[in-house]
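Okay, so here's the structure we're looking at.
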Amino acid sequence: MSNEKPVYGGQAVVEGVMFGGKNHTVTAVRRNDGSIEYFHLPRTIRPALQTMKKIPLLRGIVAILEAAATGSKHLNFANDRYDVPPGEEEAKAEEPSKFTLMFGVALVGILSFLFGKFIFTLVPVGLAELTRPIFQSDMAQILVEGLFKLLLLLVYIWAISMTPLIKRVFQYHGAEHKVINAYENGLSLTVQNVQASSRLHYRCGSSFILFTVIVGVFVYMLVPTEPFYVRVLNRLALIPVVLGLSFEVLQLTNKVRDVPGLKWLGYPGLWLQLLTTKDPSDDQVEVAIASFKKLISIEESTEKGLKADEIV
């Protein structure tokens with residue numbers, strides 16, 4: 001029997017953290033009165049998707065779309081619970097819409113992700129094309145396009161990080177990473193141990209986003225940049241390829257993160273996380289720990305045959 005620890009992932013939400021395991025996902029959010037409220041969803045196991053997750057390149061696309069769909073449900077919960085006016089908690093909690101509209105929320109999450117990917121793919125193409133009188137070769141155009149894409153990404157992240165709400169989300173993002181790092185290093189999940197852990201992690205989605213920029217540069221070298229409409233069509237058609245390859249690169253950098261001489265492969269993603277994560281407060285770490293412990297409790301208890309609503 002393998003002694004390897006289960007692999008857990010997470011996501012920051014408004015005033016909270018979501019963690020996902022093999023069979024369940026759990027979000028914990030801090031309410032206005034200081035209490036912590038939880039939202040739990042069992043994972044739906046679909047044999048066809050499980051099969052696709054075993055196929056290189058394709059598994060990355062499936063994982064990304066699943067994460068977008070599941071994450072949107074947890075984000076919706078956190079947004080619903082954020083800053084609810086006093087006296088309206090019961091009415092908000094009893095709204096059936098957050099359950100009846102789950103499919104719609106998931107669909108919006110996937111479409112939002114794809115729309116954002118289209119924007120960050122096509123805008124740099126247009127900007128690079130404007131520089132063709134100066135940078136005329138295909139290689140130069142691809143490098144300029146990659147540079148514009150990187151600058152657009154960095155400016156976007158920096159701009160949204162200036163808003164108070166996103167700054168707090170980035171703090172919860174840091175808390176999420178700290179909890180995962182403490183757990184993976186075998187530390188007891190106390191506020192002190194978690195705060196002492198790194199806020200950066202090799203498996204982070206921020207790293208994945210940066211890898212799409214880097215991988216895209218190499219993939220685009222295989223196709224022509226002229227005429228312009230062909231360039232645009234190529235970029236759109238290659239989105240799944242870039243996403244799939246970037247996912248594989250992300251997994252590779254995580255596997256070799258403890259190998260001297262190879263761990264640097266993941267450094268660009270870690271550097272980007274210096275923007276997408278912030279040091280959390282002890283209160284925020286408490287929420288992240290509560291979310292993770294709740295997930296562990298549900299995962300372990302359901303393996304023993306208990307139902308989620310029977311778990312204290």
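Residues are referred to by chain and number: the chain letter is A, B, ... according to the order shown in the structure tokens, the number counts from 1 in that chain, and ligands are numbered separately from 1 in the order shown.
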
Please provide the set of residues having any atom within 12 Å of Ile157 in chain A, restricted to only C-alpha atoms, with same-chain residues fewer than 2 positions apart removed, written as a JSON list (two decimals) with C-alpha atoms, in the first residue's frame.
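Okay, this is what ended up in selection.json:
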```json
[["chain", "number", "residue", "atom", "x", "y", "z"],
["A", 150, "LEU", "CA", 3.28, 38.77, -20.42],
["A", 151, "LEU", "CA", 2.98, 42.53, -19.93],
["A", 152, "LEU", "CA", -0.81, 42.36, -20.27],
["A", 153, "LEU", "CA", -0.93, 39.60, -17.66],
["A", 154, "LEU", "CA", 1.31, 41.44, -15.20],
["A", 155, "VAL", "CA", -0.49, 44.78, -15.60],
["A", 159, "ALA", "CA", -4.23, 46.56, -11.34],
["A", 160, "ILE", "CA", -6.77, 44.26, -9.69],
["A", 161, "SER", "CA", -4.47, 43.72, -6.71],
["A", 162, "MET", "CA", -4.84, 47.41, -5.91],
["A", 163, "THR", "CA", -8.52, 46.96, -5.03],
["A", 166, "ILE", "CA", -8.92, 41.46, -4.43],
["A", 167, "LYS", "CA", -6.07, 42.20, -2.04],
["A", 170, "PHE", "CA", -4.88, 37.30, -2.58],
["A", 206, "SER", "CA", -0.94, 31.27, -11.27],
["A", 209, "ILE", "CA", -1.24, 30.86, -16.42],
["A", 210, "LEU", "CA", 2.37, 31.96, -16.80],
["A", 272, "LEU", "CA", 4.31, 35.38, -10.50],
["A", 273, "GLN", "CA", 2.81, 34.16, -7.24],
["A", 274, "LEU", "CA", 4.60, 37.01, -5.50],
["A", 275, "LEU", "CA", 1.88, 39.12, -7.14],
["A", 276, "THR", "CA", -1.10, 36.76, -6.81],
["A", 277, "THR", "CA", -0.54, 35.88, -3.15]]
```

### Message
Give me the residues near Phe208 in chain A as a PyMOL selection string, where near means some atom within 8 Å (using only C-alpha atoms) and where sequence neighbours in that chain fewer than 2 positions away do not count.
### Response
chain A and resi 203-206+210-212+246-247+250+269

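The two atoms in question, CA of Thr25 in chain A and CA of Pro280 in chain A, are spaced 21.9 Å apart.
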
### Query
Do you know which residues are at most 6 Å from Ala182 in chain A counting only C-alpha atoms, after dropping those on the same chain fewer than 3 positions away, and could you put them as a ChimeraX atom specification?
/A:179,185,187,194,197

### Query
From the list A:Val285, A:Val230, A:Leu127, A:Val29, which residue is nearest Ala196 in chain A when using only C-alpha atoms?
A:Val285

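Proximity of A:Thr27, A:Gln171, A:Asn181, A:Asn234 to Leu122 in chain A, computed with only C-alpha atoms, is greatest for A:Asn234.
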
### Message
When you look at Lys294 in chain A with a cut-off of 8 Å (counting only C-alpha atoms), what residues show up, excluding the ones that are within fewer than 4 positions of it in the same chain? I need them as a count of residues only.
### Response
3

Go through range 247-291 of chain A and flag each residue having an atom no more than 10 Å from range 36-46 of chain A; for those, report the closest pair of atoms plus their distance in Å to one decimal, using only C-alpha atoms, ordered by chain and rising number, as CSV.
```
residue,atom,partner,partner_atom,distance
A:Glu286,CA,A:Ile36,CA,9.4
A:Val287,CA,A:Ile36,CA,7.0
A:Ala290,CA,A:Ile36,CA,8.2
A:Ser291,CA,A:Tyr38,CA,7.5
```

Go ahead and dump the residues you just picked, C-alpha atoms, as a PDB file, in the first residue's frame.
```pdb
ATOM      1  CA  GLU A 286      -7.734  30.179  10.753  1.00  0.00           C
ATOM      2  CA  VAL A 287     -10.367  30.112   8.014  1.00  0.00           C
ATOM      3  CA  ALA A 290     -10.880  25.231   9.175  1.00  0.00           C
ATOM      4  CA  SER A 291     -11.710  24.621   5.505  1.00  0.00           C
TER       5      SER A 291
END
```

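Residues surrounding Ile142 in chain A within 10 Å are Pro124, Val125, Ala128, Glu129, Phe135, Ser137, Asp138, Met139, Glu145, Gly146, Leu147, Phe148, Gly216, Val217, Phe218, Val219, Tyr220, Met221, Pro224 and Thr225 of chain A [only C-alpha atoms; sequence separation below 3 positions excluded].
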
### Message
Residues near Ile61 in chain A, anyone? I mean within 6 Å using only C-alpha atoms, not counting same-chain ones fewer than 3 positions away, as a list in words.
### Response
Leu58, Ile64 and Gly244 of chain A

Would you save the residues from that selection as a PDB file, in the first residue's frame, using C-alpha atoms?
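Result saved to result33.pdb:
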```pdb
ATOM      1  CA  LEU A  58      -6.361  15.922 -22.911  1.00  0.00           C
ATOM      2  CA  ILE A  64      -9.197  22.944 -16.199  1.00  0.00           C
ATOM      3  CA  GLY A 244      -2.826  20.913 -22.466  1.00  0.00           C
TER       4      GLY A 244
END
```

Using DSSP on the backbone coordinates, identify all residues within range 137-301 of chain A classified as alpha helix (DSSP H); present the result as a PDB file with C-alpha atoms, in the first residue's frame.
```pdb
ATOM      1  CA  ASP A 138       8.221  35.359 -37.771  1.00  0.00           C
ATOM      2  CA  MET A 139      10.537  34.715 -34.811  1.00  0.00           C
ATOM      3  CA  ALA A 140      10.574  38.378 -33.846  1.00  0.00           C
ATOM      4  CA  GLN A 141       6.787  38.583 -34.123  1.00  0.00           C
ATOM      5  CA  ILE A 142       6.315  35.548 -31.879  1.00  0.00           C
ATOM      6  CA  LEU A 143       8.688  36.942 -29.248  1.00  0.00           C
ATOM      7  CA  VAL A 144       7.009  40.364 -29.337  1.00  0.00           C
ATOM      8  CA  GLU A 145       3.614  38.705 -29.058  1.00  0.00           C
ATOM      9  CA  GLY A 146       4.809  36.743 -26.022  1.00  0.00           C
ATOM     10  CA  LEU A 147       6.190  39.925 -24.472  1.00  0.00           C
ATOM     11  CA  PHE A 148       2.887  41.757 -24.944  1.00  0.00           C
ATOM     12  CA  LYS A 149       1.015  38.808 -23.472  1.00  0.00           C
ATOM     13  CA  LEU A 150       3.280  38.769 -20.420  1.00  0.00           C
ATOM     14  CA  LEU A 151       2.979  42.535 -19.928  1.00  0.00           C
ATOM     15  CA  LEU A 152      -0.808  42.365 -20.271  1.00  0.00           C
ATOM     16  CA  LEU A 153      -0.934  39.603 -17.658  1.00  0.00           C
ATOM     17  CA  LEU A 154       1.309  41.442 -15.196  1.00  0.00           C
ATOM     18  CA  VAL A 155      -0.489  44.777 -15.597  1.00  0.00           C
ATOM     19  CA  TYR A 156      -3.876  43.098 -15.169  1.00  0.00           C
ATOM     20  CA  ILE A 157      -2.836  41.294 -11.987  1.00  0.00           C
ATOM     21  CA  TRP A 158      -1.173  44.400 -10.573  1.00  0.00           C
ATOM     22  CA  ALA A 159      -4.227  46.559 -11.337  1.00  0.00           C
ATOM     23  CA  ILE A 160      -6.772  44.262  -9.694  1.00  0.00           C
ATOM     24  CA  SER A 161      -4.470  43.721  -6.707  1.00  0.00           C
ATOM     25  CA  PRO A 164      -9.186  46.180  -1.330  1.00  0.00           C
ATOM     26  CA  LEU A 165     -11.401  43.169  -2.078  1.00  0.00           C
ATOM     27  CA  ILE A 166      -8.923  41.456  -4.432  1.00  0.00           C
ATOM     28  CA  LYS A 167      -6.070  42.204  -2.044  1.00  0.00           C
ATOM     29  CA  ARG A 168      -7.919  40.236   0.636  1.00  0.00           C
ATOM     30  CA  VAL A 169      -8.619  37.428  -1.842  1.00  0.00           C
ATOM     31  CA  PHE A 170      -4.880  37.296  -2.578  1.00  0.00           C
ATOM     32  CA  GLN A 171      -4.245  37.081   1.175  1.00  0.00           C
ATOM     33  CA  TYR A 172      -6.583  34.085   1.367  1.00  0.00           C
ATOM     34  CA  HIS A 173      -4.721  32.690  -1.650  1.00  0.00           C
ATOM     35  CA  GLY A 174      -1.542  32.937   0.403  1.00  0.00           C
ATOM     36  CA  ALA A 175      -3.285  31.250   3.345  1.00  0.00           C
ATOM     37  CA  GLU A 176      -4.389  28.411   1.077  1.00  0.00           C
ATOM     38  CA  HIS A 177      -0.810  27.782  -0.090  1.00  0.00           C
ATOM     39  CA  LYS A 178       0.537  27.972   3.449  1.00  0.00           C
ATOM     40  CA  VAL A 179      -1.916  25.315   4.635  1.00  0.00           C
ATOM     41  CA  ILE A 180      -1.069  22.977   1.749  1.00  0.00           C
ATOM     42  CA  ASN A 181       2.667  23.460   2.312  1.00  0.00           C
ATOM     43  CA  ALA A 182       2.348  22.832   6.054  1.00  0.00           C
ATOM     44  CA  TYR A 183       0.316  19.683   5.402  1.00  0.00           C
ATOM     45  CA  GLU A 184       2.715  18.371   2.753  1.00  0.00           C
ATOM     46  CA  VAL A 191      -1.765  28.999  12.988  1.00  0.00           C
ATOM     47  CA  GLN A 192       1.880  29.297  14.010  1.00  0.00           C
ATOM     48  CA  ASN A 193       3.058  26.394  11.814  1.00  0.00           C
ATOM     49  CA  VAL A 194       0.976  27.494   8.845  1.00  0.00           C
ATOM     50  CA  GLN A 195       2.160  31.095   9.062  1.00  0.00           C
ATOM     51  CA  GLY A 205      -2.965  28.052 -11.033  1.00  0.00           C
ATOM     52  CA  SER A 206      -0.942  31.273 -11.274  1.00  0.00           C
ATOM     53  CA  SER A 207       2.036  29.221 -12.388  1.00  0.00           C
ATOM     54  CA  PHE A 208      -0.153  27.508 -14.941  1.00  0.00           C
ATOM     55  CA  ILE A 209      -1.236  30.856 -16.417  1.00  0.00           C
ATOM     56  CA  LEU A 210       2.368  31.963 -16.800  1.00  0.00           C
ATOM     57  CA  PHE A 211       3.315  28.659 -18.401  1.00  0.00           C
ATOM     58  CA  THR A 212       0.651  29.225 -21.065  1.00  0.00           C
ATOM     59  CA  VAL A 213       2.588  32.341 -22.081  1.00  0.00           C
ATOM     60  CA  ILE A 214       5.942  30.534 -22.182  1.00  0.00           C
ATOM     61  CA  VAL A 215       4.643  27.365 -23.836  1.00  0.00           C
ATOM     62  CA  GLY A 216       2.696  29.438 -26.362  1.00  0.00           C
ATOM     63  CA  VAL A 217       5.907  31.027 -27.634  1.00  0.00           C
ATOM     64  CA  PHE A 218       7.327  27.607 -28.529  1.00  0.00           C
ATOM     65  CA  VAL A 219       4.077  26.250 -29.980  1.00  0.00           C
ATOM     66  CA  TYR A 220       3.572  29.314 -32.205  1.00  0.00           C
ATOM     67  CA  PHE A 228      -2.847  38.100 -40.177  1.00  0.00           C
ATOM     68  CA  TYR A 229      -6.148  36.218 -40.378  1.00  0.00           C
ATOM     69  CA  VAL A 230      -4.257  32.900 -40.507  1.00  0.00           C
ATOM     70  CA  ARG A 231      -2.294  33.975 -37.456  1.00  0.00           C
ATOM     71  CA  VAL A 232      -5.513  34.705 -35.562  1.00  0.00           C
ATOM     72  CA  LEU A 233      -7.104  31.403 -36.588  1.00  0.00           C
ATOM     73  CA  ASN A 234      -3.971  29.521 -35.569  1.00  0.00           C
ATOM     74  CA  ARG A 235      -3.956  31.137 -32.140  1.00  0.00           C
ATOM     75  CA  LEU A 236      -7.600  30.216 -31.538  1.00  0.00           C
ATOM     76  CA  ALA A 237      -7.155  26.662 -32.814  1.00  0.00           C
ATOM     77  CA  ILE A 239      -5.627  27.265 -27.384  1.00  0.00           C
ATOM     78  CA  PRO A 240      -6.410  23.643 -26.359  1.00  0.00           C
ATOM     79  CA  VAL A 241      -2.888  22.565 -27.341  1.00  0.00           C
ATOM     80  CA  VAL A 242      -1.255  25.350 -25.321  1.00  0.00           C
ATOM     81  CA  LEU A 243      -3.494  24.647 -22.319  1.00  0.00           C
ATOM     82  CA  GLY A 244      -2.826  20.913 -22.466  1.00  0.00           C
ATOM     83  CA  LEU A 245       0.945  21.311 -22.789  1.00  0.00           C
ATOM     84  CA  SER A 246       1.050  23.957 -20.041  1.00  0.00           C
ATOM     85  CA  PHE A 247      -0.773  21.602 -17.679  1.00  0.00           C
ATOM     86  CA  GLU A 248       1.828  18.913 -18.365  1.00  0.00           C
ATOM     87  CA  VAL A 249       4.646  21.410 -17.727  1.00  0.00           C
ATOM     88  CA  LEU A 250       2.994  22.410 -14.440  1.00  0.00           C
ATOM     89  CA  GLN A 251       2.787  18.770 -13.359  1.00  0.00           C
ATOM     90  CA  LEU A 252       6.420  18.210 -14.368  1.00  0.00           C
ATOM     91  CA  THR A 253       7.729  21.182 -12.387  1.00  0.00           C
ATOM     92  CA  ASN A 254       5.861  19.920  -9.331  1.00  0.00           C
ATOM     93  CA  LYS A 255       7.382  16.437  -9.674  1.00  0.00           C
ATOM     94  CA  TYR A 267      10.628  29.440 -10.542  1.00  0.00           C
ATOM     95  CA  PRO A 268       8.881  31.658 -13.144  1.00  0.00           C
ATOM     96  CA  GLY A 269       5.509  30.514 -11.801  1.00  0.00           C
ATOM     97  CA  LEU A 270       6.634  31.084  -8.215  1.00  0.00           C
ATOM     98  CA  TRP A 271       7.760  34.596  -9.127  1.00  0.00           C
ATOM     99  CA  LEU A 272       4.309  35.381 -10.504  1.00  0.00           C
ATOM    100  CA  GLN A 273       2.807  34.156  -7.245  1.00  0.00           C
ATOM    101  CA  LEU A 274       4.601  37.007  -5.504  1.00  0.00           C
ATOM    102  CA  LEU A 275       1.876  39.119  -7.138  1.00  0.00           C
ATOM    103  CA  THR A 276      -1.100  36.757  -6.812  1.00  0.00           C
ATOM    104  CA  ASP A 282      -3.913  34.959  11.585  1.00  0.00           C
ATOM    105  CA  ASP A 283      -7.697  35.235  11.214  1.00  0.00           C
ATOM    106  CA  GLN A 284      -7.458  34.394   7.521  1.00  0.00           C
ATOM    107  CA  VAL A 285      -5.175  31.444   8.250  1.00  0.00           C
ATOM    108  CA  GLU A 286      -7.734  30.179  10.753  1.00  0.00           C
ATOM    109  CA  VAL A 287     -10.367  30.112   8.014  1.00  0.00           C
ATOM    110  CA  ALA A 288      -8.043  28.231   5.658  1.00  0.00           C
ATOM    111  CA  ILE A 289      -7.191  25.675   8.348  1.00  0.00           C
ATOM    112  CA  ALA A 290     -10.880  25.231   9.175  1.00  0.00           C
ATOM    113  CA  SER A 291     -11.710  24.621   5.505  1.00  0.00           C
ATOM    114  CA  PHE A 292      -8.923  22.072   5.083  1.00  0.00           C
ATOM    115  CA  LYS A 293      -9.749  20.210   8.294  1.00  0.00           C
ATOM    116  CA  LYS A 294     -13.428  20.086   7.322  1.00  0.00           C
ATOM    117  CA  LEU A 295     -12.484  18.570   3.970  1.00  0.00           C
ATOM    118  CA  ILE A 296     -10.227  15.974   5.610  1.00  0.00           C
ATOM    119  CA  SER A 297     -12.997  15.090   8.047  1.00  0.00           C
ATOM    120  CA  ILE A 298     -15.555  14.619   5.273  1.00  0.00           C
ATOM    121  CA  GLU A 299     -13.153  12.643   3.067  1.00  0.00           C
ATOM    122  CA  GLU A 300     -12.157  10.281   5.873  1.00  0.00           C
ATOM    123  CA  SER A 301     -15.675   9.876   7.262  1.00  0.00           C
TER     124      SER A 301
END
```

### Query
Which value, in Å to one decimal, gives the distance between CA of Gly20 in chain A and CA of Asp258 in chain A?
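Interatomic distance here is 23.7 Å.
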